[in-house]
Amino acid sequence: MGYDFQTIEAKWRAYWAKNQAFKADNQSDLPKYYVLDMFPYPSGDGLHVGHPLGYIASDIFSRYKRHKGFNVLHPQGYDSFGLPAEQYAIQTGQHPQITTETNINRYREQLDRMGFSFDWSREVRTSQPDYYKWTQWIFLQLFNAYYDTKENKALPITQLIHLFENDGTSKVEAVRDSDASDFSADEWAQFSDEQKQHILLQYRLTYLSDTEVNWCPALGTVLANDEIINGVSERGGHAVTKKKMKQWSMRIGAYAERLLQGLETIDWPEPLKEMQRNWIGKSVGASVRFQIQNHPEQIEVFTTRPDTLFGVTFMTLAPELDLVRQITTAEQKQEVEEYIDKASKRSERERMADVKSISGVFTGAFAIHPLTQELIPIWIGDYVLAGYGTGAVMAVPCGDQRDYDFAKHFELPIKNIFEGADIREAAFTEKSETVALQHSDFLNGLTYATAMKKVIAHIEAKGCGKGTINYRLRDAIFSRQRYWGEPIPIYYKNGLPQALSLKHLPLELPEVEQYLPTPDGAPPLGNATNWAWDEKKEKVVSNALIDHKSVFPLELNTMPGWAGSSWYFYRYMDAKNKENFVSKEAANYWREVDLYLGGSEHATGHLLYSRFWQKFLFDKGLLPVEEYAKKLINQGMILGTSAFIYRKTGTQTYLSKGLIEGETVEPIRVHISLVNSADELDLEELKKWQPQFESATFELENGKCFVHREVEKMSKSKYNVVNPDEICDTYGADTLRMYEMFLGPIEQAKPWNTAGISGVHNFLKKYWRLFYNEDTWIVNENQAGKKELKVLHETIKKVSTDIENFSFNTCVSSLMICVNELTNLECHSKEILTPLTLLLAPFAPHIAEEIWEKLGNTSSLISVPFPLVNEAHLVEDTKNYPVSFNGKMRYTIPLSLSLDNQAIQEAVLADKRTAEYLGGKTPKKWIIVPNKIINIVI
RNA sequence: GCCUCGGUGGCGGAACUGGUAGACGCGCUGGAUUCAAAAUCCAGUUCUUUCGGGAGUGUGGGUUCGAUUCCCACCCGAGGUACCA
């Protein structure tokens with residue numbers, strides 16, 4: 001009997017399912033261990049080979065932990081709201097619910113096939129009402145909370161109202177909108193209900209604000225930055241403009257400091273923490289206010305270098321600031337308008353990437369320097385971004401390189417305030433303690449640190465500024481003009497948002513005819529006819545009934561993708577709970593995720609947002625810990641090979657790869673299944689694939705259209721996914737599992753190729769032959785010899801430490817070496833093979849179970865203890881000469897010997913080969929690395 | 001541009017804390033077995049060479065008795081860059 005993986009795998013899959021072998025209990029005497037994967041988005045292409053990489057690793061670890069005697073929680077679910085299902089719906093009219101369900105079923109089949117030890121009784125789907133009920137509930141918790149900076153935590157909004165009633169804003173220390181103003185208790189009492197609501201909105205942790213979106217009029221939809229190439233839409237190449245919209249935001253900024261501090265308490269990869277730190281971008285400095293000449297407004301700037309305040313020779317504003325139009329003089333108006341228009345067509349990313357071209361326009365207005373009263377010209381320039389700080393900078397060309405370049409380019413004055421610094425070629429950007437300030441009034445002669453202190457004290461005393469900490473982190477926009485997302489549980493009364501309450505949830509997604517925005521630009525939910533809130537009946541009713549007395553319009557935006565994924569790990573603990581998002585008992589038992597596995601591409605998205613929600617829910621006393629994942633491992637991405645054709649800019653003409661010389665083109669991805677191995681594109685299939693290609697024209701090479709290939713992240717949206725099914729058919733799931741681990745270190749990104757898969761499959765066949773010779777079971781009861789025991793225990797040691805260190809690729813190598821050696825030793829002793837099977841179990845569970853049963857065990861091996869190393873079997877043979885000569889001047893000493901340097905020198909000198917090498921000379925120098933190596937230098 | 005990671009044979013990769021670079025697997029070459037093939041097993045396989053040796057871990061410098069490993073500058077690839085998930 002050969003290694004019949006199909007039969008074996010089917011058998012054990014059925015066995016595990018029937019026995020619910022991986023169901024975790026919320027009560028146990030065993031220590032708990034929670035292993036979490038980032039749940040997949042169920043795309044239409046099915047699971048691709050990149051998904052399992054992390055899932056296999058976490059499964060190996062879960063299985064290992066079970067063998068080590070832990071109560072392991074290893075759940076799985078689906079992040080099932082998202083853009084692709086919606087786009088598919090727009091194209092085909094198919095309800096995303098149906099698409100999603102089909103995709104999930106396919107995913108489940110594929111996941112089951114790979115032998116993952118998931119506890120499916122705890123499955124969650126973010127798009128299911130009984131799940132998003134709680135996502136909506138968390139939204140309401142945020143809506144009903146504000147951030148108190150004195151207590152440094154979120155508090156109920158009712159408490160804030162209380163403070164307002166007693167003392168107005170005088171005793172309030174809270175995070176709020178920058179345009180919020182102060183009032184007294186009397187004033188508060190006299191405000192109308194609407195005014196009060198409006199004020200509270202400036203404090204709530206989720207609030208409404210005006211923000212910009214990418215609007216594509218031709219497609220009639222909002223686009224993600226991802227869907228835009230070279231400023232036009234990826235689909236169809238239409239123009240994209242910026243459009244202002246009232247949107248929900250989340251005050252993540254309130255948690256900036258705690259998100260930063262919390263990183264110190266968790267075992268996450270240092271590079272990932274660094275990315276989050278940089279994303280939060282804390283900088284210490286000062287904000288300074290400049291009065292605009294002949295104008296009531298002031299410009300507030302944030303600077304990390306207030307010590308250079310006397311070096312300011314101009315100011316630069318982001319072109320999109322409203323203020324720009326207000327202050328621009330009549331003479332400059334046209335030039336400024338043109339510049340604003342030009343800048344609005346460039347994405348923020350383009351603007352940041354482009355440091356070479358310097359552009360800007362003078363507004364004609366002047367600011368007054370708060371200390372010298374000098375007039376300072378106000379410019380606009382697109383190197384200043386509206387989103388960072390206040391969108392305005394005080395330019396100090398002698399101390400900042402970008403200001404310097406700007407000044408040189410437009411021949412603006414540069415005032416050197418650094419004594420002895422050479423600024424003929426470049427700015428002096430050092431925070432120097434040796435170079436003193438000059439031409440800086442009361443700061444003259446001071447260096448960085450002291451000047452900073454003194455100038456901040458001075459501007460604070462003068463009331464024109466103060467020392468501040470600024471964070472690069474921006475509040476998170478929470479509205480999406482999409483259909484396939486969680487409805488926001490809000491309705492509008494007199495234009496002000498009103499929250500639903502828990503008993504009204506879930507607020508279920510309404511049916512719509514069209515998944516696109518309405519013709520007048522409202523989000524897709526604007527197409528719903530049953531989307532109004534009857535305050536009296538407390539239910540959703542027809543839009544026709546809206547009377548603005550008791551029936552009101554509901555919110556039309558939905559939540560972003562990250563909403564549902566920001567708390568799902570707690571739902572797994574208690575997935576069926578109808579009363580609570582998670583019960584106290586379940587949360588207190590599992591507490592937190594012990595090991596979280598997922599890609600680093602989520603570093604500043606999901607992994608930051610979920611930490612924010614966690615801290616908020618912790619503040620509310622709803623969760624036991626402030627950080628939800630103790631340890632995190634980033635599995636590297638599996639990269640795919642994408643295919644591109646080129647679209648002539650501004651046309652519907654597509655070019656074959658070889659014809660792009662001298663043309664302005666955008667590369668457009670096409671699905672890799674439409675391309676053959678010679679990189680030739682099937683145009684007929686392409687036209688069927690997406691409507692934009694139906695009427696397009698193609699320029700071909702010898703009648704063929706060739707694609708350009710590029711290696712990048714494997715992703716549905718890049719149309720480059722490879723499916724694991726075929727490999728499971730040909731080689732089996734165990735081979736796929738081991739192969740993906742064998743490919744290389746788990747954290748490293750790697751392009752997918754199947755070239756080496758037969759090696760791993762051969763290993764499993766060879767492993768099988770340790771137990772079977774043709775049809776004969778050849779395991780014997782013989783005692784194992786010294787050599788065999790050494791091989792086994794070396795492998796146990798290596799495999800255990802490697803699993804603990806998540807070094808699964810070297811683990812597989814060790815198992816291969818072990819099996820080779822046992823084959824050479826012709827060892828079939830049960831004493832060796834029984835523990836060896838346990839070493840294999842986490843990696844190739846199906847074959848391990850099968851052999852385990854054949855070895856005469858009556859119960860499944862899932863809960864069998866992992867073998868322990870017996871050091872006694874590892875001892876080296878010490879009869880050899882203590883040092884061995886390798887032909888040059890190097891000697892090595894066996895690891896097991898511990899000699900002091902003196903003894904080593906004596907032993908080496910006693911060796912006759914040494915005498916030969918030295919040829920009568922005396923060693924000049926000894927280099928001795930204990931237990932490793934000796935060099936003799938003559 | 002900025003932040004993060006990576007670059008070692010024909011290929012995926014190994015090398016623990018600075019100590020014999022290339023473990024393990026693929027591929028390739030030769031052999032055994034076979035009527036033959038598949039499968040399996042054995043040997044070889046960084047490059048170069050006048051067979052003494054010489055060169056070699058993206059490039060160029062540096063530190064060190066010794067560098068894939070540490071430092072500096074650069075080149076190339078990947079991820080993220082705030083509405084893909």
# chains A, B, ... in the order shown; residues from 1 in each chain; ligands from 1
$ select_by_dssp --residues "region 207-277 of chain A" --states "strand (DSSP E or B)" --output "number ranges by chain"
A: 207-216, 221-223, 228-229, 232-233, 239, 241-250, 267
$ interface_residues --of "chain A" --to "chain B" --cutoff "7 Å" --atoms "only C-alpha atoms (C1' of nucleotides)" --output "number ranges by chain"
A: 41, 223-226, 271, 275, 278, 352-355, 480, 601, 717, 743-744, 755-756, 759, 813, 933
$ write_last_selection --atoms "all heavy atoms" --output "short mmCIF file (atom, residue, chain, number, x, y, z; two decimals), in the first residue's frame"
data_model
loop_
_atom_site.label_atom_id
_atom_site.label_comp_id
_atom_site.auth_asym_id
_atom_site.auth_seq_id
_atom_site.Cartn_x
_atom_site.Cartn_y
_atom_site.Cartn_z
N TYR A 41 -11.39 37.99 3.81
CA TYR A 41 -12.50 38.55 3.06
C TYR A 41 -12.87 37.53 1.99
O TYR A 41 -12.00 37.14 1.20
CB TYR A 41 -12.10 39.89 2.41
CG TYR A 41 -13.17 40.35 1.46
CD1 TYR A 41 -14.31 40.95 1.96
CD2 TYR A 41 -13.07 40.11 0.10
CE1 TYR A 41 -15.34 41.30 1.11
CE2 TYR A 41 -14.10 40.48 -0.76
CZ TYR A 41 -15.23 41.07 -0.25
OH TYR A 41 -16.25 41.42 -1.09
N LEU A 223 -14.45 56.93 -5.18
CA LEU A 223 -13.39 55.95 -5.42
C LEU A 223 -12.38 55.93 -4.29
O LEU A 223 -12.06 56.97 -3.71
CB LEU A 223 -12.67 56.26 -6.74
CG LEU A 223 -13.47 56.15 -8.03
CD1 LEU A 223 -12.60 56.54 -9.21
CD2 LEU A 223 -14.01 54.74 -8.22
N ALA A 224 -11.88 54.74 -4.01
CA ALA A 224 -10.75 54.62 -3.09
C ALA A 224 -9.50 55.06 -3.83
O ALA A 224 -9.44 54.97 -5.05
CB ALA A 224 -10.61 53.16 -2.66
N ASN A 225 -8.49 55.53 -3.09
CA ASN A 225 -7.24 55.92 -3.74
C ASN A 225 -6.70 54.77 -4.58
O ASN A 225 -6.05 54.98 -5.61
CB ASN A 225 -6.19 56.31 -2.70
CG ASN A 225 -6.48 57.67 -2.13
OD1 ASN A 225 -7.20 58.47 -2.74
ND2 ASN A 225 -5.96 57.94 -0.96
N ASP A 226 -6.96 53.57 -4.07
CA ASP A 226 -6.54 52.35 -4.73
C ASP A 226 -7.12 52.18 -6.14
O ASP A 226 -6.56 51.48 -6.96
CB ASP A 226 -7.04 51.19 -3.87
CG ASP A 226 -6.06 50.06 -3.84
OD1 ASP A 226 -4.88 50.34 -3.59
OD2 ASP A 226 -6.49 48.93 -4.10
N PRO A 271 9.52 46.20 13.91
CA PRO A 271 9.26 47.04 12.73
C PRO A 271 7.81 47.51 12.64
O PRO A 271 7.54 48.64 12.26
CB PRO A 271 9.56 46.11 11.55
CG PRO A 271 10.41 45.03 12.09
CD PRO A 271 10.07 44.89 13.53
N MET A 275 6.35 51.25 12.67
CA MET A 275 5.43 51.81 11.68
C MET A 275 4.28 52.53 12.37
O MET A 275 3.88 53.61 11.95
CB MET A 275 4.87 50.69 10.79
CG MET A 275 5.73 50.37 9.60
SD MET A 275 4.84 49.27 8.47
CE MET A 275 5.54 47.71 8.89
N ASN A 278 5.51 55.80 13.87
CA ASN A 278 5.69 56.84 12.84
C ASN A 278 4.35 57.33 12.31
O ASN A 278 4.22 58.48 11.92
CB ASN A 278 6.53 56.29 11.68
CG ASN A 278 7.95 56.04 12.11
OD1 ASN A 278 8.47 56.69 13.02
ND2 ASN A 278 8.60 55.08 11.49
N MET A 352 3.19 64.39 -2.19
CA MET A 352 4.28 64.06 -1.26
C MET A 352 5.47 63.46 -1.99
O MET A 352 6.62 63.69 -1.64
CB MET A 352 3.78 63.07 -0.21
CG MET A 352 2.96 63.73 0.87
SD MET A 352 2.61 62.60 2.21
CE MET A 352 1.46 61.47 1.45
N ALA A 353 5.15 62.64 -3.02
CA ALA A 353 6.23 61.96 -3.73
C ALA A 353 7.06 62.92 -4.56
O ALA A 353 8.24 62.71 -4.80
CB ALA A 353 5.63 60.88 -4.64
N ASP A 354 6.44 64.00 -4.96
CA ASP A 354 7.11 64.93 -5.85
C ASP A 354 7.82 66.02 -5.06
O ASP A 354 7.23 67.01 -4.67
CB ASP A 354 6.07 65.56 -6.79
CG ASP A 354 6.71 66.46 -7.82
OD1 ASP A 354 7.95 66.43 -7.93
OD2 ASP A 354 5.97 67.17 -8.50
N VAL A 355 9.10 65.81 -4.80
CA VAL A 355 9.83 66.83 -4.07
C VAL A 355 10.70 67.66 -5.00
O VAL A 355 11.28 68.65 -4.61
CB VAL A 355 10.74 66.23 -2.96
CG1 VAL A 355 9.90 65.70 -1.83
CG2 VAL A 355 11.65 65.17 -3.52
N ARG A 480 -18.85 55.62 4.62
CA ARG A 480 -18.55 55.15 3.26
C ARG A 480 -19.81 55.30 2.44
O ARG A 480 -20.90 54.95 2.89
CB ARG A 480 -18.12 53.68 3.28
CG ARG A 480 -16.83 53.40 4.03
CD ARG A 480 -15.63 54.02 3.35
NE ARG A 480 -14.40 53.73 4.08
CZ ARG A 480 -13.90 54.50 5.03
NH1 ARG A 480 -14.49 55.63 5.37
NH2 ARG A 480 -12.79 54.17 5.65
N GLU A 601 0.76 44.26 6.18
CA GLU A 601 0.09 45.29 5.40
C GLU A 601 -1.05 45.93 6.20
O GLU A 601 -1.57 46.97 5.82
CB GLU A 601 -0.42 44.72 4.07
CG GLU A 601 -1.60 43.78 4.17
CD GLU A 601 -1.20 42.32 4.30
OE1 GLU A 601 -0.11 42.05 4.86
OE2 GLU A 601 -1.97 41.45 3.86
N SER A 717 -7.96 41.92 -5.78
CA SER A 717 -8.06 43.20 -6.47
C SER A 717 -6.95 43.38 -7.50
O SER A 717 -7.01 44.27 -8.33
CB SER A 717 -8.06 44.35 -5.48
OG SER A 717 -6.85 44.36 -4.77
N LEU A 743 8.76 26.68 2.24
CA LEU A 743 9.13 27.74 1.28
C LEU A 743 10.12 28.76 1.83
O LEU A 743 10.89 29.35 1.08
CB LEU A 743 7.86 28.50 0.88
CG LEU A 743 7.16 28.11 -0.40
CD1 LEU A 743 5.92 28.95 -0.58
CD2 LEU A 743 8.07 28.27 -1.60
N GLY A 744 10.07 28.99 3.11
CA GLY A 744 10.98 29.98 3.69
C GLY A 744 10.41 30.50 4.98
O GLY A 744 9.35 30.06 5.43
N ALA A 755 7.73 24.90 -7.88
CA ALA A 755 8.84 24.10 -8.39
C ALA A 755 9.29 23.00 -7.43
O ALA A 755 9.62 21.90 -7.85
CB ALA A 755 10.02 25.01 -8.74
N GLY A 756 9.31 23.29 -6.14
CA GLY A 756 9.91 22.33 -5.22
C GLY A 756 8.93 21.41 -4.52
O GLY A 756 9.31 20.68 -3.61
N GLY A 759 9.53 17.61 -3.74
CA GLY A 759 10.49 17.24 -2.68
C GLY A 759 9.78 16.97 -1.38
O GLY A 759 10.08 16.00 -0.67
N SER A 813 12.92 20.92 7.56
CA SER A 813 14.24 20.39 7.20
C SER A 813 14.71 19.37 8.22
O SER A 813 15.23 18.32 7.86
CB SER A 813 15.26 21.53 7.11
OG SER A 813 14.94 22.38 6.06
N ILE A 933 35.91 27.78 18.19
CA ILE A 933 36.96 27.83 17.19
C ILE A 933 38.23 28.41 17.78
O ILE A 933 38.19 29.19 18.73
CB ILE A 933 36.48 28.67 15.98
CG1 ILE A 933 37.29 28.28 14.76
CG2 ILE A 933 36.57 30.16 16.26
CD1 ILE A 933 36.53 28.48 13.49
#
$ select_by_dssp --residues "region 30-182 of chain A" --states "helix (DSSP H, G or I)" --output "number ranges by chain"
A: 50-67, 83-92, 96-113, 120-122, 129-143, 157-167
$ closest_residue --among "A:Leu259, A:Cys398, A:Val172, A:Ile157" --to "Glu627 (chain A)" --atoms "only C-alpha atoms"
A:Leu259
$ atom_distance --atom1 "CA of Thr92 (chain A)" --atom2 "CA of His238 (chain A)"
20.9 Å
$ residues_around --residues "region 418-426 of chain A" --least-positions-apart "5" --cutoff "6 Å" --atoms "only C-alpha atoms (C1' of nucleotides)" --output "ChimeraX atom specification"
/A:436-438
$ residues_around --residues "Pro553 (chain A)" --least-positions-apart "6" --cutoff "8 Å" --atoms "only C-alpha atoms (C1' of nucleotides)" --output "ChimeraX atom specification"
/A:491-493,531-533,543,546
$ write_last_selection --atoms "all heavy atoms" --output "PDB file, in the first residue's frame"
ATOM      1  N   TYR A 491     -30.500  58.501  12.880  1.00  0.00           N
ATOM      2  CA  TYR A 491     -31.457  59.183  12.010  1.00  0.00           C
ATOM      3  C   TYR A 491     -31.347  60.683  12.257  1.00  0.00           C
ATOM      4  O   TYR A 491     -30.712  61.113  13.232  1.00  0.00           O
ATOM      5  CB  TYR A 491     -32.884  58.675  12.227  1.00  0.00           C
ATOM      6  CG  TYR A 491     -33.465  58.949  13.596  1.00  0.00           C
ATOM      7  CD1 TYR A 491     -34.305  60.047  13.822  1.00  0.00           C
ATOM      8  CD2 TYR A 491     -33.200  58.088  14.663  1.00  0.00           C
ATOM      9  CE1 TYR A 491     -34.847  60.285  15.080  1.00  0.00           C
ATOM     10  CE2 TYR A 491     -33.740  58.325  15.903  1.00  0.00           C
ATOM     11  CZ  TYR A 491     -34.562  59.428  16.123  1.00  0.00           C
ATOM     12  OH  TYR A 491     -35.086  59.654  17.361  1.00  0.00           O
ATOM     13  N   TYR A 492     -31.907  61.471  11.357  1.00  0.00           N
ATOM     14  CA  TYR A 492     -31.707  62.921  11.423  1.00  0.00           C
ATOM     15  C   TYR A 492     -33.003  63.661  11.712  1.00  0.00           C
ATOM     16  O   TYR A 492     -33.999  63.509  11.001  1.00  0.00           O
ATOM     17  CB  TYR A 492     -31.098  63.430  10.117  1.00  0.00           C
ATOM     18  CG  TYR A 492     -29.657  63.015   9.986  1.00  0.00           C
ATOM     19  CD1 TYR A 492     -29.329  61.799   9.407  1.00  0.00           C
ATOM     20  CD2 TYR A 492     -28.644  63.819  10.482  1.00  0.00           C
ATOM     21  CE1 TYR A 492     -28.012  61.400   9.318  1.00  0.00           C
ATOM     22  CE2 TYR A 492     -27.318  63.426  10.393  1.00  0.00           C
ATOM     23  CZ  TYR A 492     -27.009  62.216   9.808  1.00  0.00           C
ATOM     24  OH  TYR A 492     -25.704  61.825   9.736  1.00  0.00           O
ATOM     25  N   LYS A 493     -32.925  64.460  12.775  1.00  0.00           N
ATOM     26  CA  LYS A 493     -34.073  65.265  13.185  1.00  0.00           C
ATOM     27  C   LYS A 493     -33.595  66.703  13.125  1.00  0.00           C
ATOM     28  O   LYS A 493     -32.593  67.041  13.772  1.00  0.00           O
ATOM     29  CB  LYS A 493     -34.402  64.868  14.629  1.00  0.00           C
ATOM     30  CG  LYS A 493     -35.773  65.215  15.098  1.00  0.00           C
ATOM     31  CD  LYS A 493     -35.958  64.517  16.452  1.00  0.00           C
ATOM     32  CE  LYS A 493     -37.164  65.022  17.177  1.00  0.00           C
ATOM     33  NZ  LYS A 493     -37.333  64.300  18.448  1.00  0.00           N
ATOM     34  N   TRP A 531     -36.638  53.420   4.202  1.00  0.00           N
ATOM     35  CA  TRP A 531     -35.460  53.828   4.954  1.00  0.00           C
ATOM     36  C   TRP A 531     -35.735  55.144   5.684  1.00  0.00           C
ATOM     37  O   TRP A 531     -35.160  56.183   5.414  1.00  0.00           O
ATOM     38  CB  TRP A 531     -34.238  53.937   4.037  1.00  0.00           C
ATOM     39  CG  TRP A 531     -32.934  53.904   4.764  1.00  0.00           C
ATOM     40  CD1 TRP A 531     -31.979  54.883   4.780  1.00  0.00           C
ATOM     41  CD2 TRP A 531     -32.435  52.852   5.597  1.00  0.00           C
ATOM     42  NE1 TRP A 531     -30.922  54.512   5.558  1.00  0.00           N
ATOM     43  CE2 TRP A 531     -31.166  53.268   6.080  1.00  0.00           C
ATOM     44  CE3 TRP A 531     -32.927  51.606   6.003  1.00  0.00           C
ATOM     45  CZ2 TRP A 531     -30.391  52.483   6.932  1.00  0.00           C
ATOM     46  CZ3 TRP A 531     -32.158  50.822   6.836  1.00  0.00           C
ATOM     47  CH2 TRP A 531     -30.900  51.258   7.294  1.00  0.00           C
ATOM     48  N   ALA A 532     -36.704  55.070   6.584  1.00  0.00           N
ATOM     49  CA  ALA A 532     -37.031  56.210   7.436  1.00  0.00           C
ATOM     50  C   ALA A 532     -37.301  55.663   8.830  1.00  0.00           C
ATOM     51  O   ALA A 532     -37.645  54.476   8.976  1.00  0.00           O
ATOM     52  CB  ALA A 532     -38.262  56.921   6.901  1.00  0.00           C
ATOM     53  N   TRP A 533     -37.113  56.523   9.817  1.00  0.00           N
ATOM     54  CA  TRP A 533     -37.271  56.057  11.199  1.00  0.00           C
ATOM     55  C   TRP A 533     -38.519  56.669  11.813  1.00  0.00           C
ATOM     56  O   TRP A 533     -38.683  57.886  11.842  1.00  0.00           O
ATOM     57  CB  TRP A 533     -36.054  56.438  12.022  1.00  0.00           C
ATOM     58  CG  TRP A 533     -36.125  55.880  13.412  1.00  0.00           C
ATOM     59  CD1 TRP A 533     -36.328  56.566  14.573  1.00  0.00           C
ATOM     60  CD2 TRP A 533     -35.991  54.508  13.793  1.00  0.00           C
ATOM     61  NE1 TRP A 533     -36.345  55.712  15.653  1.00  0.00           N
ATOM     62  CE2 TRP A 533     -36.139  54.430  15.195  1.00  0.00           C
ATOM     63  CE3 TRP A 533     -35.779  53.311  13.072  1.00  0.00           C
ATOM     64  CZ2 TRP A 533     -36.065  53.227  15.904  1.00  0.00           C
ATOM     65  CZ3 TRP A 533     -35.716  52.124  13.786  1.00  0.00           C
ATOM     66  CH2 TRP A 533     -35.855  52.096  15.171  1.00  0.00           C
ATOM     67  N   ASN A 543     -40.052  55.601   3.233  1.00  0.00           N
ATOM     68  CA  ASN A 543     -39.608  56.989   3.081  1.00  0.00           C
ATOM     69  C   ASN A 543     -40.783  57.932   2.848  1.00  0.00           C
ATOM     70  O   ASN A 543     -40.728  59.102   3.188  1.00  0.00           O
ATOM     71  CB  ASN A 543     -38.683  57.125   1.873  1.00  0.00           C
ATOM     72  CG  ASN A 543     -37.405  56.353   2.051  1.00  0.00           C
ATOM     73  OD1 ASN A 543     -37.361  55.425   2.849  1.00  0.00           O
ATOM     74  ND2 ASN A 543     -36.372  56.730   1.328  1.00  0.00           N
ATOM     75  N   ILE A 546     -42.079  60.088   5.720  1.00  0.00           N
ATOM     76  CA  ILE A 546     -41.272  61.110   6.386  1.00  0.00           C
ATOM     77  C   ILE A 546     -42.073  62.401   6.506  1.00  0.00           C
ATOM     78  O   ILE A 546     -42.570  62.943   5.524  1.00  0.00           O
ATOM     79  CB  ILE A 546     -39.964  61.372   5.604  1.00  0.00           C
ATOM     80  CG1 ILE A 546     -39.056  60.138   5.677  1.00  0.00           C
ATOM     81  CG2 ILE A 546     -39.235  62.596   6.178  1.00  0.00           C
ATOM     82  CD1 ILE A 546     -37.781  60.249   4.871  1.00  0.00           C
TER      83      ILE A 546
END
